[in-house]
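Below is one structure, written out as structure tokens, with a few remarks after it.
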Amino acid sequence: MKFFLDSANLKEIKEASDLGLLDGVTTNPSLVAKENKQKDFKSTIKQICKIAKGPVSAEVISTDFESMKKEALILSKIDKNVVIKLPMTIDGIKATKFLSKKKIPVNVTLIFSASQALIAAKAGAAYVSPFVGRLDDISSNGMNLISEISDIFINYGFATEILVASIRNPIHIVDSARLGADVATLPFKVLLQLFKHPLTDIGLDNFLKDWNKK
Ligand code: E4P
């Protein structure tokens, strides 16, 4: 399973890269606006691409097909690793088809149902991003969606990768891995939580205490 960092914070991205666990990065307009008050989207993506040596998702802010196309073509020139993130809308899917035909990889975001994932895969998306946490937030079951999408993609041999998004805790990652999801995009806080177990800390503490006994 690949780990992407869901962040536009350069310090976090560098730290994840130093841990040797960074396979890519996903951003969205909210994350970029939080880190770059001038909202200089291009410069943020450029800096991220210098640190991360894998796919970096850059989301368009246009909502109509023609403007999405134009914006995507500009973003895709920033770096060879840029993946265009498009929303799951009719125009977004038209743009997915257009860009995929040009061999520009697309991540279709804001996926909340298996039918949306199927449409995105048929349009040639490189990734679909189902938002598990936001589904759990409304008392739905995010992980059921991953299971449904996985069944469908296996049935038809789609090359589209399942990129589990809106991850809130380590259980989301373990469950996604058990279901065979290709990628998990993690907030930095959750990446660090993956390392932790109280028994590891207690065990290490006891080993060192025993070792240092006089
Ligand atoms: C995915 O690419 C999104 O950036 C992200 O995972 C959304 O997560 P949130 O629901 O925590 O905002």
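How things are named: the first chain in the structure tokens is A, the next is B, and so on; residues count from 1 in each chain; ligands count from 1 in the order shown.
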Nearby polymer residues, ligand 1, at most 7 Å, only C-alpha atoms and all ligand atoms, as a PyMOL selection string:
chain A and resi 6+26-28+109+129+131+133-134+165-168+185
If we count only C-alpha atoms and set the cut-off at 12 Å, which residues sit around A:Ala126, ignoring sequence neighbours fewer than 2 positions away in its own chain? Please answer as a PDB file with N, CA, C and O atoms, in the first residue's frame.
ATOM      1  N   PRO A  55       3.786  11.053  -7.079  1.00  0.00           N
ATOM      2  CA  PRO A  55       2.653  11.830  -7.581  1.00  0.00           C
ATOM      3  C   PRO A  55       2.189  12.904  -6.589  1.00  0.00           C
ATOM      4  O   PRO A  55       2.089  12.634  -5.383  1.00  0.00           O
ATOM      5  N   SER A  57      -0.975  15.494  -6.154  1.00  0.00           N
ATOM      6  CA  SER A  57      -2.281  15.902  -6.684  1.00  0.00           C
ATOM      7  C   SER A  57      -2.518  17.385  -6.480  1.00  0.00           C
ATOM      8  O   SER A  57      -2.420  17.893  -5.358  1.00  0.00           O
ATOM      9  N   VAL A  82       2.985  15.940 -11.357  1.00  0.00           N
ATOM     10  CA  VAL A  82       1.670  16.509 -11.009  1.00  0.00           C
ATOM     11  C   VAL A  82       0.533  15.630 -11.549  1.00  0.00           C
ATOM     12  O   VAL A  82       0.541  15.209 -12.704  1.00  0.00           O
ATOM     13  N   VAL A  83      -0.408  15.348 -10.653  1.00  0.00           N
ATOM     14  CA  VAL A  83      -1.643  14.636 -11.009  1.00  0.00           C
ATOM     15  C   VAL A  83      -2.761  15.669 -10.864  1.00  0.00           C
ATOM     16  O   VAL A  83      -2.823  16.378  -9.852  1.00  0.00           O
ATOM     17  N   ILE A  84      -3.616  15.754 -11.857  1.00  0.00           N
ATOM     18  CA  ILE A  84      -4.691  16.749 -11.794  1.00  0.00           C
ATOM     19  C   ILE A  84      -5.864  16.188 -11.003  1.00  0.00           C
ATOM     20  O   ILE A  84      -6.379  15.107 -11.303  1.00  0.00           O
ATOM     21  N   LYS A  85      -6.259  16.959  -9.994  1.00  0.00           N
ATOM     22  CA  LYS A  85      -7.385  16.514  -9.164  1.00  0.00           C
ATOM     23  C   LYS A  85      -8.641  17.245  -9.636  1.00  0.00           C
ATOM     24  O   LYS A  85      -8.660  18.478  -9.705  1.00  0.00           O
ATOM     25  N   LEU A  86      -9.643  16.463  -9.977  1.00  0.00           N
ATOM     26  CA  LEU A  86     -10.886  17.036 -10.505  1.00  0.00           C
ATOM     27  C   LEU A  86     -12.059  16.560  -9.665  1.00  0.00           C
ATOM     28  O   LEU A  86     -12.080  15.401  -9.233  1.00  0.00           O
ATOM     29  N   THR A  96     -11.845  14.672 -17.146  1.00  0.00           N
ATOM     30  CA  THR A  96     -11.063  13.453 -16.857  1.00  0.00           C
ATOM     31  C   THR A  96     -10.804  12.687 -18.142  1.00  0.00           C
ATOM     32  O   THR A  96      -9.685  12.258 -18.434  1.00  0.00           O
ATOM     33  N   LYS A  97     -11.856  12.536 -18.932  1.00  0.00           N
ATOM     34  CA  LYS A  97     -11.740  11.806 -20.205  1.00  0.00           C
ATOM     35  C   LYS A  97     -10.743  12.525 -21.117  1.00  0.00           C
ATOM     36  O   LYS A  97      -9.843  11.909 -21.684  1.00  0.00           O
ATOM     37  N   LEU A  99      -8.299  14.699 -20.385  1.00  0.00           N
ATOM     38  CA  LEU A  99      -6.903  14.692 -19.908  1.00  0.00           C
ATOM     39  C   LEU A  99      -6.310  13.283 -19.965  1.00  0.00           C
ATOM     40  O   LEU A  99      -5.144  13.107 -20.335  1.00  0.00           O
ATOM     41  N   SER A 100      -7.108  12.282 -19.622  1.00  0.00           N
ATOM     42  CA  SER A 100      -6.598  10.909 -19.628  1.00  0.00           C
ATOM     43  C   SER A 100      -6.189  10.496 -21.038  1.00  0.00           C
ATOM     44  O   SER A 100      -5.188   9.814 -21.224  1.00  0.00           O
ATOM     45  N   LYS A 101      -6.973  10.935 -22.023  1.00  0.00           N
ATOM     46  CA  LYS A 101      -6.618  10.631 -23.421  1.00  0.00           C
ATOM     47  C   LYS A 101      -5.281  11.245 -23.782  1.00  0.00           C
ATOM     48  O   LYS A 101      -4.548  10.725 -24.604  1.00  0.00           O
ATOM     49  N   LYS A 103      -2.879  11.429 -21.780  1.00  0.00           N
ATOM     50  CA  LYS A 103      -1.922  10.771 -20.857  1.00  0.00           C
ATOM     51  C   LYS A 103      -1.560  11.657 -19.663  1.00  0.00           C
ATOM     52  O   LYS A 103      -0.490  11.539 -19.083  1.00  0.00           O
ATOM     53  N   ILE A 104      -2.456  12.593 -19.327  1.00  0.00           N
ATOM     54  CA  ILE A 104      -2.248  13.399 -18.112  1.00  0.00           C
ATOM     55  C   ILE A 104      -3.052  12.710 -17.007  1.00  0.00           C
ATOM     56  O   ILE A 104      -4.280  12.555 -17.130  1.00  0.00           O
ATOM     57  N   PRO A 105      -2.373  12.253 -15.926  1.00  0.00           N
ATOM     58  CA  PRO A 105      -3.100  11.490 -14.904  1.00  0.00           C
ATOM     59  C   PRO A 105      -4.071  12.357 -14.097  1.00  0.00           C
ATOM     60  O   PRO A 105      -3.768  13.509 -13.772  1.00  0.00           O
ATOM     61  N   VAL A 106      -5.219  11.765 -13.791  1.00  0.00           N
ATOM     62  CA  VAL A 106      -6.275  12.486 -13.071  1.00  0.00           C
ATOM     63  C   VAL A 106      -6.670  11.712 -11.812  1.00  0.00           C
ATOM     64  O   VAL A 106      -6.778  10.487 -11.827  1.00  0.00           O
ATOM     65  N   ASN A 107      -6.875  12.474 -10.742  1.00  0.00           N
ATOM     66  CA  ASN A 107      -7.410  11.932  -9.494  1.00  0.00           C
ATOM     67  C   ASN A 107      -8.809  12.529  -9.332  1.00  0.00           C
ATOM     68  O   ASN A 107      -8.951  13.744  -9.176  1.00  0.00           O
ATOM     69  N   VAL A 108      -9.836  11.675  -9.427  1.00  0.00           N
ATOM     70  CA  VAL A 108     -11.202  12.201  -9.271  1.00  0.00           C
ATOM     71  C   VAL A 108     -11.544  12.192  -7.784  1.00  0.00           C
ATOM     72  O   VAL A 108     -11.514  11.152  -7.119  1.00  0.00           O
ATOM     73  N   THR A 109     -11.851  13.376  -7.283  1.00  0.00           N
ATOM     74  CA  THR A 109     -12.029  13.560  -5.839  1.00  0.00           C
ATOM     75  C   THR A 109     -13.498  13.755  -5.476  1.00  0.00           C
ATOM     76  O   THR A 109     -14.351  13.902  -6.351  1.00  0.00           O
ATOM     77  N   ALA A 117     -17.462   6.161  -8.427  1.00  0.00           N
ATOM     78  CA  ALA A 117     -16.137   5.579  -8.685  1.00  0.00           C
ATOM     79  C   ALA A 117     -16.124   4.851 -10.027  1.00  0.00           C
ATOM     80  O   ALA A 117     -15.144   4.929 -10.780  1.00  0.00           O
ATOM     81  N   ALA A 120     -15.907   7.377 -12.834  1.00  0.00           N
ATOM     82  CA  ALA A 120     -14.560   7.970 -12.907  1.00  0.00           C
ATOM     83  C   ALA A 120     -13.581   6.981 -13.550  1.00  0.00           C
ATOM     84  O   ALA A 120     -12.745   7.360 -14.379  1.00  0.00           O
ATOM     85  N   ALA A 121     -13.702   5.699 -13.178  1.00  0.00           N
ATOM     86  CA  ALA A 121     -12.806   4.683 -13.753  1.00  0.00           C
ATOM     87  C   ALA A 121     -13.065   4.539 -15.250  1.00  0.00           C
ATOM     88  O   ALA A 121     -12.128   4.445 -16.047  1.00  0.00           O
ATOM     89  N   LYS A 122     -14.339   4.549 -15.634  1.00  0.00           N
ATOM     90  CA  LYS A 122     -14.671   4.434 -17.060  1.00  0.00           C
ATOM     91  C   LYS A 122     -14.129   5.623 -17.851  1.00  0.00           C
ATOM     92  O   LYS A 122     -13.804   5.501 -19.027  1.00  0.00           O
ATOM     93  N   ALA A 123     -14.031   6.773 -17.202  1.00  0.00           N
ATOM     94  CA  ALA A 123     -13.511   7.970 -17.882  1.00  0.00           C
ATOM     95  C   ALA A 123     -11.990   7.958 -17.964  1.00  0.00           C
ATOM     96  O   ALA A 123     -11.388   8.837 -18.561  1.00  0.00           O
ATOM     97  N   GLY A 124     -11.369   6.958 -17.316  1.00  0.00           N
ATOM     98  CA  GLY A 124      -9.913   6.821 -17.434  1.00  0.00           C
ATOM     99  C   GLY A 124      -9.118   7.411 -16.290  1.00  0.00           C
ATOM    100  O   GLY A 124      -7.893   7.594 -16.420  1.00  0.00           O
ATOM    101  N   VAL A 128      -9.167   7.212  -7.960  1.00  0.00           N
ATOM    102  CA  VAL A 128     -10.418   7.744  -7.408  1.00  0.00           C
ATOM    103  C   VAL A 128     -10.179   7.966  -5.916  1.00  0.00           C
ATOM    104  O   VAL A 128      -9.495   7.182  -5.269  1.00  0.00           O
ATOM    105  N   SER A 129     -10.737   9.058  -5.408  1.00  0.00           N
ATOM    106  CA  SER A 129     -10.563   9.380  -3.980  1.00  0.00           C
ATOM    107  C   SER A 129     -11.883   9.290  -3.223  1.00  0.00           C
ATOM    108  O   SER A 129     -12.629  10.273  -3.123  1.00  0.00           O
ATOM    109  N   PHE A 158     -10.206  -2.736 -13.915  1.00  0.00           N
ATOM    110  CA  PHE A 158      -9.829  -1.320 -14.091  1.00  0.00           C
ATOM    111  C   PHE A 158      -8.422  -1.080 -13.539  1.00  0.00           C
ATOM    112  O   PHE A 158      -8.077  -1.591 -12.468  1.00  0.00           O
ATOM    113  N   ALA A 159      -7.660  -0.249 -14.240  1.00  0.00           N
ATOM    114  CA  ALA A 159      -6.307   0.086 -13.756  1.00  0.00           C
ATOM    115  C   ALA A 159      -6.370   1.232 -12.741  1.00  0.00           C
ATOM    116  O   ALA A 159      -5.383   1.526 -12.063  1.00  0.00           O
ATOM    117  N   THR A 160      -7.515   1.880 -12.640  1.00  0.00           N
ATOM    118  CA  THR A 160      -7.695   3.006 -11.709  1.00  0.00           C
ATOM    119  C   THR A 160      -7.363   2.580 -10.277  1.00  0.00           C
ATOM    120  O   THR A 160      -7.843   1.534  -9.813  1.00  0.00           O
ATOM    121  N   GLU A 161      -6.549   3.399  -9.604  1.00  0.00           N
ATOM    122  CA  GLU A 161      -6.162   3.047  -8.229  1.00  0.00           C
ATOM    123  C   GLU A 161      -7.130   3.655  -7.212  1.00  0.00           C
ATOM    124  O   GLU A 161      -7.611   4.780  -7.398  1.00  0.00           O
ATOM    125  N   ILE A 162      -7.395   2.885  -6.170  1.00  0.00           N
ATOM    126  CA  ILE A 162      -8.261   3.380  -5.084  1.00  0.00           C
ATOM    127  C   ILE A 162      -7.383   4.118  -4.088  1.00  0.00           C
ATOM    128  O   ILE A 162      -6.490   3.534  -3.467  1.00  0.00           O
ATOM    129  N   LEU A 163      -7.630   5.419  -3.987  1.00  0.00           N
ATOM    130  CA  LEU A 163      -6.844   6.291  -3.100  1.00  0.00           C
ATOM    131  C   LEU A 163      -7.761   6.699  -1.942  1.00  0.00           C
ATOM    132  O   LEU A 163      -8.641   7.551  -2.106  1.00  0.00           O
ATOM    133  N   ASP A 182      -5.172   0.693  -2.967  1.00  0.00           N
ATOM    134  CA  ASP A 182      -3.820   0.937  -3.503  1.00  0.00           C
ATOM    135  C   ASP A 182      -3.060   1.986  -2.717  1.00  0.00           C
ATOM    136  O   ASP A 182      -1.857   1.881  -2.521  1.00  0.00           O
ATOM    137  N   VAL A 183      -3.780   3.034  -2.305  1.00  0.00           N
ATOM    138  CA  VAL A 183      -3.130   4.184  -1.664  1.00  0.00           C
ATOM    139  C   VAL A 183      -3.976   4.665  -0.492  1.00  0.00           C
ATOM    140  O   VAL A 183      -5.204   4.608  -0.550  1.00  0.00           O
TER     141      VAL A 183
END
Using only C-alpha atoms, the residue out of A:Gln38, A:Thr44, A:Thr200, A:Asn81 with shortest distance to A:Ala8 is A:Thr44
Counting only C-alpha atoms, the option among A:Ser76, A:Asn141, A:Thr89, A:Ser17 closest to A:Gly54
A:Ser17
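The shortest atom-to-atom distance to A:Met88, with only C-alpha atoms taken into account, belongs to A:Gln116 out of A:Asn9, A:Asn169, A:Gln116, A:Ser147.
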As an MDAnalysis selection string, please: every residue in stretch 15-202 of chain A that DSSP puts in strand (DSSP E or B).
chainID A and resid 24:26 56:59 82:87 106:111 127:131 161:165 183:186
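If you count only C-alpha atoms and ignore residues fewer than 3 places along the chain from A:Arg178, what sits within 12 Å of it is Met1, Met143, Ile146, Ser147, Ser150, Ile171, His172, Ile173, Val174, Asp175, Ala181, Asp182, Val183 and Ala184 of chain A.
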Those same residues - N, CA, C and O atoms - I'd like them written as an mmCIF file, in the first residue's frame.
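Written out: out-v2.cif:
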data_model
loop_
_atom_site.group_PDB
_atom_site.id
_atom_site.type_symbol
_atom_site.label_atom_id
_atom_site.label_comp_id
_atom_site.auth_asym_id
_atom_site.auth_seq_id
_atom_site.Cartn_x
_atom_site.Cartn_y
_atom_site.Cartn_z
ATOM 1 N N MET A 1 0.846 -1.208 0.000
ATOM 2 C CA MET A 1 0.000 0.000 0.000
ATOM 3 C C MET A 1 0.877 1.253 0.000
ATOM 4 O O MET A 1 1.818 1.332 0.791
ATOM 5 N N MET A 143 -15.859 2.549 5.054
ATOM 6 C CA MET A 143 -15.112 1.363 4.642
ATOM 7 C C MET A 143 -15.938 0.448 3.738
ATOM 8 O O MET A 143 -15.385 -0.225 2.869
ATOM 9 N N ILE A 146 -15.195 1.448 0.278
ATOM 10 C CA ILE A 146 -13.916 0.949 -0.257
ATOM 11 C C ILE A 146 -14.082 -0.494 -0.741
ATOM 12 O O ILE A 146 -13.599 -0.874 -1.808
ATOM 13 N N SER A 147 -14.818 -1.270 0.046
ATOM 14 C CA SER A 147 -15.043 -2.668 -0.318
ATOM 15 C C SER A 147 -15.834 -2.772 -1.637
ATOM 16 O O SER A 147 -15.492 -3.560 -2.525
ATOM 17 N N SER A 150 -13.640 -1.719 -4.570
ATOM 18 C CA SER A 150 -12.633 -2.736 -4.821
ATOM 19 C C SER A 150 -13.235 -3.912 -5.613
ATOM 20 O O SER A 150 -12.654 -4.372 -6.599
ATOM 21 N N ILE A 171 -7.133 3.013 12.185
ATOM 22 C CA ILE A 171 -8.027 1.898 11.828
ATOM 23 C C ILE A 171 -8.477 2.033 10.364
ATOM 24 O O ILE A 171 -8.581 1.045 9.633
ATOM 25 N N HIS A 172 -8.712 3.269 9.940
ATOM 26 C CA HIS A 172 -9.065 3.481 8.527
ATOM 27 C C HIS A 172 -7.977 2.915 7.611
ATOM 28 O O HIS A 172 -8.267 2.353 6.549
ATOM 29 N N ILE A 173 -6.728 3.055 8.025
ATOM 30 C CA ILE A 173 -5.620 2.607 7.159
ATOM 31 C C ILE A 173 -5.522 1.085 7.164
ATOM 32 O O ILE A 173 -5.392 0.460 6.110
ATOM 33 N N VAL A 174 -5.606 0.505 8.350
ATOM 34 C CA VAL A 174 -5.515 -0.962 8.431
ATOM 35 C C VAL A 174 -6.681 -1.601 7.664
ATOM 36 O O VAL A 174 -6.481 -2.528 6.860
ATOM 37 N N ASP A 175 -7.883 -1.081 7.852
ATOM 38 C CA ASP A 175 -9.048 -1.639 7.138
ATOM 39 C C ASP A 175 -8.881 -1.482 5.622
ATOM 40 O O ASP A 175 -9.193 -2.392 4.853
ATOM 41 N N ALA A 181 -6.824 -1.643 -0.810
ATOM 42 C CA ALA A 181 -6.779 -0.312 -1.437
ATOM 43 C C ALA A 181 -5.329 -0.002 -1.845
ATOM 44 O O ALA A 181 -4.387 -0.394 -1.160
ATOM 45 N N ASP A 182 -5.172 0.693 -2.967
ATOM 46 C CA ASP A 182 -3.820 0.937 -3.503
ATOM 47 C C ASP A 182 -3.060 1.986 -2.717
ATOM 48 O O ASP A 182 -1.857 1.881 -2.521
ATOM 49 N N VAL A 183 -3.780 3.034 -2.305
ATOM 50 C CA VAL A 183 -3.130 4.184 -1.664
ATOM 51 C C VAL A 183 -3.976 4.665 -0.492
ATOM 52 O O VAL A 183 -5.204 4.608 -0.550
ATOM 53 N N ALA A 184 -3.294 5.140 0.559
ATOM 54 C CA ALA A 184 -4.006 5.864 1.629
ATOM 55 C C ALA A 184 -3.354 7.237 1.693
ATOM 56 O O ALA A 184 -2.126 7.329 1.706
#
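Counting only C-alpha atoms, the residue from A:Leu22, A:Leu5, A:Ala125, A:Ile45 that sits nearest to A:Val164 is A:Leu5.
Minimum atom-to-atom distances from A:Val132, A:Leu191, A:Lys213, A:Gly92 to A:Asp64 were compared using only C-alpha atoms, and the lowest value belongs to A:Gly92.
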Just asking: which residues within stretch 1-195 of chain A are alpha helix (DSSP H) according to DSSP, as a ChimeraX atom specification?
/A:10-18,29-35,41-51,65-76,90-101,114-122,132-137,142-156,170-178,188-193
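Atom CA of A:Val25 is positioned 9.2 Å from atom CA of A:Lys53.
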Choose the residue, out of A:Pro198, A:Pro130, A:Gly180, A:Pro187, that has the smallest atom-to-atom separation from A:Leu31; count only C-alpha atoms.
A:Pro187
